[in-house]
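Below is one structure, written out as C-alpha cells, with a few remarks after it.
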Amino acid sequence: MRHTAWLCAVVVGCGAEPPQPASIPIPTPAPAESAQVDDPGPTILVAVPASEYRPLFPSKGQTAVAVAPFALERTPVTHAQFLAFVAAMPEWRRSRVPSLFADSGYLADWAEDLSPPPDATERPVTAVSWFAARAYARWRGRRLPTLAEWEAAAQLPLADGGNAARAVLAWYAKPASSGPQRLGTGTRNVLGIADLHGLVWEWVLDFGGAMVTGDARSDSDLQRSLFCGAGAVGSARPDDYAAFMRMAMRSSLHGRNSTKTLGFRCATDQIPGAR
Amino acid sequence: MVNAWPLLALAALTGITLFVRRNSDITTPPPAASKLAATTAADPVTGEETAVLTAPPMVPPPITRKHATKVKVALEVKEFLAPIADGVDYTFWTFGGSVPGSFIRVREGDLVEFTLKNHPDNRMPHNIDLHAVTGQGGGAAASFVAPGHSATFSFQCLNRGLYVYHCATAPVGMHIANGMYGLILVEPKEGLPKVDREFYICQGDFYTEGAYGQAGHQQFSMEKAIKEEPDYVLFNGRVGALTGDQAITAKVGETVRLYVGNGGPNLVSSFHVIGEIFDAVMAEGGDQRTNNVQTTLIPAGGSAIVEFKLDVPANYILVDHAIFRTFNKGALGILKVEGKEDALVYSGRQQEGIYHPEGGALQTLPRGDNAKIAAAPADRSKEERLQLGKRMFESICFACHQKEGQGVPNAFPPLAKSDYLMADRARAIRTVLSGQQGKITVNGVEYNGVMPAQNLTDDEVANVITSVMNSWGNQADMVTSTEVAKVRATLGH
C-alpha cells in the first residue's frame with residue numbers, strides 16, 4: 001500500500017505545491033533482514049566484437065545499426081543467482097516488491113520469498129519484471145544488453161552450423177507447461193554464448209523500442225503496424241519468423257510484466273581481457 | 001411469426017411496406033432493410049448478459065431477445081499439443097481450446113465487452129482481430145497481451161453478418177496456421193429464419209515438417225507456409241473431426257444451416273456438400289441470399305451461411321471441391337442423415353449390366369485369349385519384372401494406393417508392409433484380375449471399398465504383383481505368368 005499512498009501524494013502535490021522530484025523512489029526497505037544464501041556469483045562474460053545489427057524494421061535509409069564491442073553473459077541468469085540478489089535486496093522479494101515494478105506473476109514459481117524451485121543453479125530464472133532484471137544487473141555492476149546488442153549476438157552463426165530460426169520454431173512447438181529446461185539445452189553460438197535461442201525469451205534494456213520508437217504502453221501507429229498484414233510492411237526480413245516472434249513478444253510487454261518463459265542475462269562494456 | 005415484431009416496428013418507423021415472411025420457408029429472402037436503417041435506428045443498449053460460447057461443431061442457440069444489450073465475451077488463448085491426424089501430433093494455438101475457436105453469437109446493435117486472456121503457460125503473446133469490429137485493427141492492438149495477462153475492449157455490432165475472427169500477432173500467418181481463428185455471428189435484429197439444426201464448421205490449411213500422415217510430433221513448416229503448399233486442409237482442425245463417430249447428424253425432413261468459415265491462412269475454399277444442393281447461400285456471410293447453389297466460394301478470412309432441407313437419407317460428404325484437398329489432405333466431413341427413403345427423389349441403383357463398347361459380337365471372345373495374344377516371355381527375370389511392374393504401378397495403382405504404397409487412411413488400404421497383401425499371393429493375383437468389393441481388414445484397420453478388375457495380361461499381372469510384393473519393405477519371391485494363368489483359370493472367365 002505504501003506506493004499507492006506515495007502516488008496520491010504526488011497527485012496532490014502537483015496541484016497544491018511545487019512538483020516533487022521526478023526520480024522514481026524505490027520504497028525504503030524495511031529494516032534489512034539480510035538472509036544468508038550461497039551466491040553462485042555473476043555469470044562468465046563473453047566478449048562480442050564490434051558488429052552490425054540489421055533491424056527488422058529499419059528507419060528510412062538505414063540498413064544496419066553499428067554495435068560497439070561489449071560483453072554478454074554466457075548463459076541466462078539462474079534462480080540461484082537471483083536468490084542471492086533478493087536475499088541482499090529485500091525490496092525485490094516477492095512479498096515486498098511494489099506492484100508498480102512487478103505484476104502478480106512475479107517469481108510465481110517460487111514457493112516463498114527465498115525459496116526458488118528445485119535445480120535452482122541449473123535453471124534460468126523467469127517470471128521477472130524488466131525493473132527487477134535491471135536492478136539485478138545493476139547490483140552485479142552490469143546492465144541489460146540493448147536490443148541491438150542482443151540481436152547482434154543472436155544472429156552470430158551457431159557452433160554446430162544449425163539454423164537459429166529453426167531452433168526457435170522447434171522450441172515453441174514444445175508445450176511450455178513443464179517450465180524452462182536446464183541451461184545449455186538451447187543453441188550455442190560460435191563465441192560460446194549459450195541459450196540465446198531455444199530456452200527462454202529474454203528482456204533487453206530498450207525492449208519498448210522494438211518498434212523503432214514509442215513505448216509499449218502506447219498505441220502509437222508504429223505499434224499497430226505490428227499486426228496482421230501490416231506487420232510485413234517496411235520489414236527488411238518478412239520471412240524471419242523467429243525475429244517477428246521476439247519482436248511481438250517484446251512489444252506485448254510492459255516493464256512490470258512477467259511471464260513463465262521470460263528471463264534475462266546481463267551485459268557490460270567492461271570487456272574481459274581488454275585494457 | 002416469432003420474429004415479426006421488430007420488422008413491424010421497423011416498418012412503422014420507416015414507413016416502408018413489408019411482406020410478411022413465412023418462417024418455415026428458408027428460400028424466401030428476408031426484406032431488404034437498408035444499412036442505414038440497420039445502423040442508425042439507434043437501438044438503446046439495455047441490460048447485460050454473458051455470451052454462450054460453443055466449441056465446434058455446435059452453435060449457441062438463436063437469440064430471442066428483442067433489444068440490444070451489453071454482452072460479455074471472454075476467450076482464453078491456450079497453446080497445446082494435440083493430434084492433427086491419427087498418430088500425428090501438432091502444437092495448436094487456440095481461442096478457447098478448440099480449432100476453430102469458440103462460436104460467438106450476438107445481435108445487431110449489441111455492445112460487446114470482449115476480454116482476451118493469455119494463459120500463463122503459453123509461450124507467445126496473442127491478440128484478436130474480429131472482422132465484426134468497426135475500429136482500429138478490429139481490436140488487435142487493444143487486445144494484445146503477453147502470456148499470463150488479459151485485456152478488455154468494447155465494440156458495438158454495427159453490421160450484421162457472419163464474421164471470421166483471428167489472431168493478428170506477428171508473424172500473423174503462423175498464428176492463423178496454428179489454429180487461431182473462429183466465427184462470430186451478428187444476428188440481424190429480426191433474427192434468422194428458423195431451422196431444425198445448426199452446425200459450425202471452419203476450414204483451415206496446415207503446414208508440417210513431415211508429409212501428410214507422417215507419424216510423430218510434427219512442427220510448423222515456415223517454408224511450406226510461405227510457398228502456400230499445405231500438407232493438411234481440414235475442417236475443424238483434425239483429420240476425421242467430422243467423420244465416423246464425430247459426423248454431424250440430422251433426420252430426413254429437417255432443415256439444416258451450416259455456418260462455414262475459412263481461416264486460411266492461404267487457401268480459398270470451394271465448399272460443396274456431395275449429394276445436396278444448397279437451397280440458400282448467404283454468400284460471404286452477408287445479406288444476399290442466393291438460391292440453388294452447388295458450390296460456394298469461401299475466401300480465406302471469410303465465411304458463408306448455407307441452408308438446405310434434407311429430402312432423402314444419405315451420408316452427405318462435406319468437401320472442398322478443389323478435390324485433391326479432400327482426397328489427399330483431409331478436407332472431408334460427413335453429415336449423416338437417417339430417415340425414410342424416397343425413391344422418387346433418388347432411386348439408388350436400379351439396374352446393373354455389362355457394357356461392351358465393341359458391340360455384342362465380341363462378347364464371346366474369351367478373356368483367356370486376350371492373355372495369350374499378348375503372351376510375353378514366361379521366363380522373365382525378377383529384375384525385369386520389378387522394373388516393368390514398378391512402371392505399371394506408377395501409371396495405374398498409385399492413384400489409389402499412393403506413390404509409396406501407403407494408401408489413404410479410411411479409403412484405400414496400404415500395400416507397403418500390408419499383412420493382407422503378403423499373406424496370400426493367389427488372393428493378391430485374384431484381386432488384380434477380378435477386383436475386390438466389401439469389407440477387408442488390413443493391418444488391423446477395416447476398409448470397405450471397391451477396387452475395379454484390371455484388364456491386364458498374365459505377364460503384366462505377374463510384373464505388378466512382383467513389384468508391389470518387393471517394394472517399401474515388402475519381400476517375396478517372384479510371381480510368374482504361369483502362376484497368374486493358374487489363378488485366372490479358377491475364375492471361370
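Each chain in the C-alpha cells gets a letter, A, B, ..., in the order shown, and its residues are numbered from 1; ligands are numbered from 1 in order too.
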
Residues of chain B at most 10 Å from chain A: nearest atom pair and distance in Å, only C-alpha atoms, as CSV:
```
residue,atom,partner,partner_atom,distance
B:Glu79,CA,A:Pro175,CA,7.2
B:Phe80,CA,A:Pro175,CA,5.9
B:Leu81,CA,A:Pro175,CA,6.4
B:Tyr90,CA,A:Ala173,CA,7.7
B:Thr91,CA,A:Ala173,CA,5.5
B:Phe92,CA,A:Ala173,CA,8.5
B:Trp93,CA,A:Ala173,CA,9.9
B:His119,CA,A:Thr259,CA,9.9
B:Pro120,CA,A:Lys260,CA,6.5
B:Asp121,CA,A:Ser177,CA,5.1
B:Asn122,CA,A:Ala176,CA,6.3
B:Arg123,CA,A:Thr261,CA,6.3
B:Met124,CA,A:Met249,CA,6.6
B:Pro125,CA,A:Met249,CA,5.5
B:His126,CA,A:Ser252,CA,8.3
B:Asn127,CA,A:Phe227,CA,9.0
B:Ile128,CA,A:Phe227,CA,9.8
B:Asp129,CA,A:Cys228,CA,8.5
B:Gln136,CA,A:Arg224,CA,8.5
B:Gly137,CA,A:Phe227,CA,7.6
B:Ala140,CA,A:Phe227,CA,6.9
B:Ala141,CA,A:Arg224,CA,6.1
B:Ala142,CA,A:Asp219,CA,8.1
B:Ser143,CA,A:Ser252,CA,9.8
B:Phe144,CA,A:Ser252,CA,6.2
B:Val145,CA,A:Ser252,CA,5.6
B:Ala146,CA,A:Ser252,CA,5.3
B:Pro147,CA,A:Thr259,CA,5.8
B:Gly148,CA,A:Thr259,CA,6.1
B:His149,CA,A:Asn257,CA,8.4
B:His166,CA,A:Cys228,CA,9.5
B:Cys167,CA,A:Cys228,CA,8.1
B:Ala168,CA,A:Cys228,CA,4.6
B:Thr169,CA,A:Phe227,CA,5.3
B:Ala170,CA,A:Phe244,CA,5.7
B:Pro171,CA,A:Phe244,CA,5.7
B:Val172,CA,A:Cys228,CA,5.3
B:Gly173,CA,A:Cys228,CA,8.0
B:Met174,CA,A:Tyr241,CA,8.3
B:His175,CA,A:Cys228,CA,9.9
B:His217,CA,A:Ala173,CA,8.9
B:Gln218,CA,A:Ala173,CA,8.5
B:Gln219,CA,A:Ala173,CA,6.0
B:Phe220,CA,A:Leu169,CA,7.3
B:Ser221,CA,A:Leu169,CA,8.6
B:Met222,CA,A:Tyr241,CA,7.7
B:Glu223,CA,A:Asp239,CA,8.9
B:Ile226,CA,A:Asp239,CA,8.0
```

Those in range 118-161 of chain A with alpha helix (DSSP H) from DSSP, as a ChimeraX atom specification: /A:130-139,147-154

Selected residues, N, CA, C and O atoms, written as a PDB file, in the first residue's frame, please.
```
ATOM      1  N   TRP A 130      10.945  -6.379 -15.951  1.00  0.00           N
ATOM      2  CA  TRP A 130      12.091  -5.651 -16.514  1.00  0.00           C
ATOM      3  C   TRP A 130      12.767  -4.826 -15.416  1.00  0.00           C
ATOM      4  O   TRP A 130      13.992  -4.770 -15.337  1.00  0.00           O
ATOM      5  N   PHE A 131      11.969  -4.233 -14.532  1.00  0.00           N
ATOM      6  CA  PHE A 131      12.544  -3.439 -13.441  1.00  0.00           C
ATOM      7  C   PHE A 131      13.451  -4.305 -12.568  1.00  0.00           C
ATOM      8  O   PHE A 131      14.540  -3.903 -12.171  1.00  0.00           O
ATOM      9  N   ALA A 132      12.968  -5.529 -12.263  1.00  0.00           N
ATOM     10  CA  ALA A 132      13.739  -6.421 -11.402  1.00  0.00           C
ATOM     11  C   ALA A 132      15.008  -6.888 -12.110  1.00  0.00           C
ATOM     12  O   ALA A 132      16.088  -6.961 -11.502  1.00  0.00           O
ATOM     13  N   ALA A 133      14.872  -7.196 -13.409  1.00  0.00           N
ATOM     14  CA  ALA A 133      16.039  -7.642 -14.176  1.00  0.00           C
ATOM     15  C   ALA A 133      17.093  -6.541 -14.207  1.00  0.00           C
ATOM     16  O   ALA A 133      18.293  -6.775 -14.019  1.00  0.00           O
ATOM     17  N   ARG A 134      16.633  -5.308 -14.389  1.00  0.00           N
ATOM     18  CA  ARG A 134      17.553  -4.180 -14.456  1.00  0.00           C
ATOM     19  C   ARG A 134      18.221  -3.954 -13.098  1.00  0.00           C
ATOM     20  O   ARG A 134      19.423  -3.669 -13.012  1.00  0.00           O
ATOM     21  N   ALA A 135      17.446  -4.121 -12.029  1.00  0.00           N
ATOM     22  CA  ALA A 135      18.000  -3.932 -10.688  1.00  0.00           C
ATOM     23  C   ALA A 135      19.051  -5.009 -10.377  1.00  0.00           C
ATOM     24  O   ALA A 135      20.084  -4.739  -9.762  1.00  0.00           O
ATOM     25  N   TYR A 136      18.766  -6.231 -10.824  1.00  0.00           N
ATOM     26  CA  TYR A 136      19.740  -7.313 -10.631  1.00  0.00           C
ATOM     27  C   TYR A 136      21.048  -6.970 -11.333  1.00  0.00           C
ATOM     28  O   TYR A 136      22.137  -7.079 -10.766  1.00  0.00           O
ATOM     29  N   ALA A 137      20.934  -6.538 -12.588  1.00  0.00           N
ATOM     30  CA  ALA A 137      22.134  -6.230 -13.376  1.00  0.00           C
ATOM     31  C   ALA A 137      22.945  -5.139 -12.685  1.00  0.00           C
ATOM     32  O   ALA A 137      24.179  -5.232 -12.564  1.00  0.00           O
ATOM     33  N   ARG A 138      22.247  -4.133 -12.200  1.00  0.00           N
ATOM     34  CA  ARG A 138      22.928  -3.026 -11.531  1.00  0.00           C
ATOM     35  C   ARG A 138      23.640  -3.519 -10.263  1.00  0.00           C
ATOM     36  O   ARG A 138      24.755  -3.119  -9.962  1.00  0.00           O
ATOM     37  N   TRP A 139      22.975  -4.405  -9.558  1.00  0.00           N
ATOM     38  CA  TRP A 139      23.529  -4.976  -8.321  1.00  0.00           C
ATOM     39  C   TRP A 139      24.827  -5.739  -8.615  1.00  0.00           C
ATOM     40  O   TRP A 139      25.756  -5.756  -7.824  1.00  0.00           O
ATOM     41  N   LEU A 147      18.704  -3.951 -27.255  1.00  0.00           N
ATOM     42  CA  LEU A 147      18.084  -4.802 -28.267  1.00  0.00           C
ATOM     43  C   LEU A 147      19.077  -5.092 -29.402  1.00  0.00           C
ATOM     44  O   LEU A 147      19.228  -6.237 -29.838  1.00  0.00           O
ATOM     45  N   ALA A 148      19.798  -4.046 -29.830  1.00  0.00           N
ATOM     46  CA  ALA A 148      20.745  -4.227 -30.944  1.00  0.00           C
ATOM     47  C   ALA A 148      21.876  -5.167 -30.527  1.00  0.00           C
ATOM     48  O   ALA A 148      22.295  -6.031 -31.315  1.00  0.00           O
ATOM     49  N   GLU A 149      22.370  -5.015 -29.292  1.00  0.00           N
ATOM     50  CA  GLU A 149      23.438  -5.909 -28.824  1.00  0.00           C
ATOM     51  C   GLU A 149      22.962  -7.354 -28.760  1.00  0.00           C
ATOM     52  O   GLU A 149      23.631  -8.278 -29.220  1.00  0.00           O
ATOM     53  N   TRP A 150      21.765  -7.526 -28.179  1.00  0.00           N
ATOM     54  CA  TRP A 150      21.240  -8.887 -28.022  1.00  0.00           C
ATOM     55  C   TRP A 150      21.049  -9.531 -29.394  1.00  0.00           C
ATOM     56  O   TRP A 150      21.457 -10.673 -29.625  1.00  0.00           O
ATOM     57  N   GLU A 151      20.430  -8.797 -30.308  1.00  0.00           N
ATOM     58  CA  GLU A 151      20.170  -9.352 -31.640  1.00  0.00           C
ATOM     59  C   GLU A 151      21.466  -9.595 -32.408  1.00  0.00           C
ATOM     60  O   GLU A 151      21.582 -10.561 -33.161  1.00  0.00           O
ATOM     61  N   ALA A 152      22.457  -8.711 -32.199  1.00  0.00           N
ATOM     62  CA  ALA A 152      23.744  -8.910 -32.885  1.00  0.00           C
ATOM     63  C   ALA A 152      24.379 -10.220 -32.422  1.00  0.00           C
ATOM     64  O   ALA A 152      24.911 -10.991 -33.229  1.00  0.00           O
ATOM     65  N   ALA A 153      24.319 -10.474 -31.107  1.00  0.00           N
ATOM     66  CA  ALA A 153      24.860 -11.739 -30.593  1.00  0.00           C
ATOM     67  C   ALA A 153      24.034 -12.919 -31.091  1.00  0.00           C
ATOM     68  O   ALA A 153      24.565 -13.983 -31.415  1.00  0.00           O
ATOM     69  N   ALA A 154      22.708 -12.702 -31.184  1.00  0.00           N
ATOM     70  CA  ALA A 154      21.807 -13.802 -31.550  1.00  0.00           C
ATOM     71  C   ALA A 154      21.902 -14.166 -33.020  1.00  0.00           C
ATOM     72  O   ALA A 154      21.517 -15.261 -33.413  1.00  0.00           O
TER      73      ALA A 154
END
```

message: List the spatial neighbours of Arg488 in chain B as a list in words - criterion: any atom at most 9 Å away, only C-alpha atoms, same-chain residues fewer than 6 positions off excluded.
response: Gly368, Ile429, Arg430, Leu433, Ser434 and Asp458 of chain B

With N, CA and C atoms kept, could you save the residues just selected as a PDB file, in the first residue's frame?
```pdb
ATOM      1  N   GLY B 368      -9.416 -65.285 -71.747  1.00  0.00           N
ATOM      2  CA  GLY B 368      -8.155 -66.004 -71.701  1.00  0.00           C
ATOM      3  C   GLY B 368      -7.325 -65.786 -72.961  1.00  0.00           C
ATOM      4  N   ILE B 429      -3.277 -62.036 -56.632  1.00  0.00           N
ATOM      5  CA  ILE B 429      -3.447 -62.147 -58.088  1.00  0.00           C
ATOM      6  C   ILE B 429      -4.926 -62.032 -58.458  1.00  0.00           C
ATOM      7  N   ARG B 430      -5.760 -62.733 -57.674  1.00  0.00           N
ATOM      8  CA  ARG B 430      -7.202 -62.734 -57.927  1.00  0.00           C
ATOM      9  C   ARG B 430      -7.770 -61.312 -57.816  1.00  0.00           C
ATOM     10  N   LEU B 433      -6.999 -59.425 -60.896  1.00  0.00           N
ATOM     11  CA  LEU B 433      -7.725 -59.943 -62.066  1.00  0.00           C
ATOM     12  C   LEU B 433      -9.203 -59.618 -62.010  1.00  0.00           C
ATOM     13  N   SER B 434      -9.829 -59.803 -60.824  1.00  0.00           N
ATOM     14  CA  SER B 434     -11.289 -59.662 -60.816  1.00  0.00           C
ATOM     15  C   SER B 434     -11.781 -58.582 -59.851  1.00  0.00           C
ATOM     16  N   ASP B 458      -1.471 -61.857 -68.248  1.00  0.00           N
ATOM     17  CA  ASP B 458      -0.848 -62.635 -67.175  1.00  0.00           C
ATOM     18  C   ASP B 458       0.539 -62.082 -66.864  1.00  0.00           C
TER      19      ASP B 458
END
```

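For Pro100 in chain B, the list of residues within 6 Å, based on only C-alpha atoms and with local chain neighbours fewer than 6 positions off taken out, reads B:Tyr181, B:Gly182, B:Asn236.
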
Could you turn the residues from that selection into a file that holds N, CA, C and O atoms, as an mmCIF file, in the first residue's frame?
```cif
data_model
loop_
_atom_site.group_PDB
_atom_site.id
_atom_site.type_symbol
_atom_site.label_atom_id
_atom_site.label_comp_id
_atom_site.auth_asym_id
_atom_site.auth_seq_id
_atom_site.Cartn_x
_atom_site.Cartn_y
_atom_site.Cartn_z
ATOM 1 N N TYR B 181 -8.368 -19.083 -35.270
ATOM 2 C CA TYR B 181 -9.462 -18.421 -35.970
ATOM 3 C C TYR B 181 -10.779 -19.034 -35.525
ATOM 4 O O TYR B 181 -10.804 -20.117 -34.943
ATOM 5 N N GLY B 182 -11.851 -18.311 -35.791
ATOM 6 C CA GLY B 182 -13.183 -18.807 -35.443
ATOM 7 C C GLY B 182 -14.218 -17.869 -36.027
ATOM 8 O O GLY B 182 -13.883 -16.987 -36.823
ATOM 9 N N ASN B 236 -12.442 -28.186 -39.158
ATOM 10 C CA ASN B 236 -12.396 -28.251 -37.701
ATOM 11 C C ASN B 236 -11.110 -28.880 -37.151
ATOM 12 O O ASN B 236 -11.131 -29.607 -36.143
#
```

Contacts of range 268-273 of chain A at 6 Å or less, counting only C-alpha atoms, minus same-chain residues fewer than 3 places along, as a ChimeraX atom specification?
/A:47,70-71,142-143

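Separating CA of Lys417 in chain B from CA of Ala399 in chain B is a distance of 18.2 Å.
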
Pick out the residues sitting within 8 Å of range 273-283 of chain B, and hand them over as a PyMOL selection string; count only C-alpha atoms, and ignore anything fewer than 5 positions along from it in its own chain. chain B and resi 26-27+288-298+303-309+316-319

Next item on the list: Considering only C-alpha atoms, return as a count of residues only whatever protein or nucleic-acid residues lie within 7 Å of Val195 in chain B, sequence-local ones (same chain, fewer than 6 positions apart) excluded.
Entry: 3

Taken to one decimal, the CA of Leu332 in chain B-CA of Asp86 in chain B distance is 14.9 Å

Which of these, B:Gly240, B:Pro193, B:Gly179, B:Pro452, has the shortest distance to Asn262 in chain B once you count only C-alpha atoms?
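The shortest atom-to-atom distance to Asn262 in chain B comes from B:Gly179.
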
The distance between CA of Arg140 in chain A and CA of Val204 in chain A is 16.2 Å
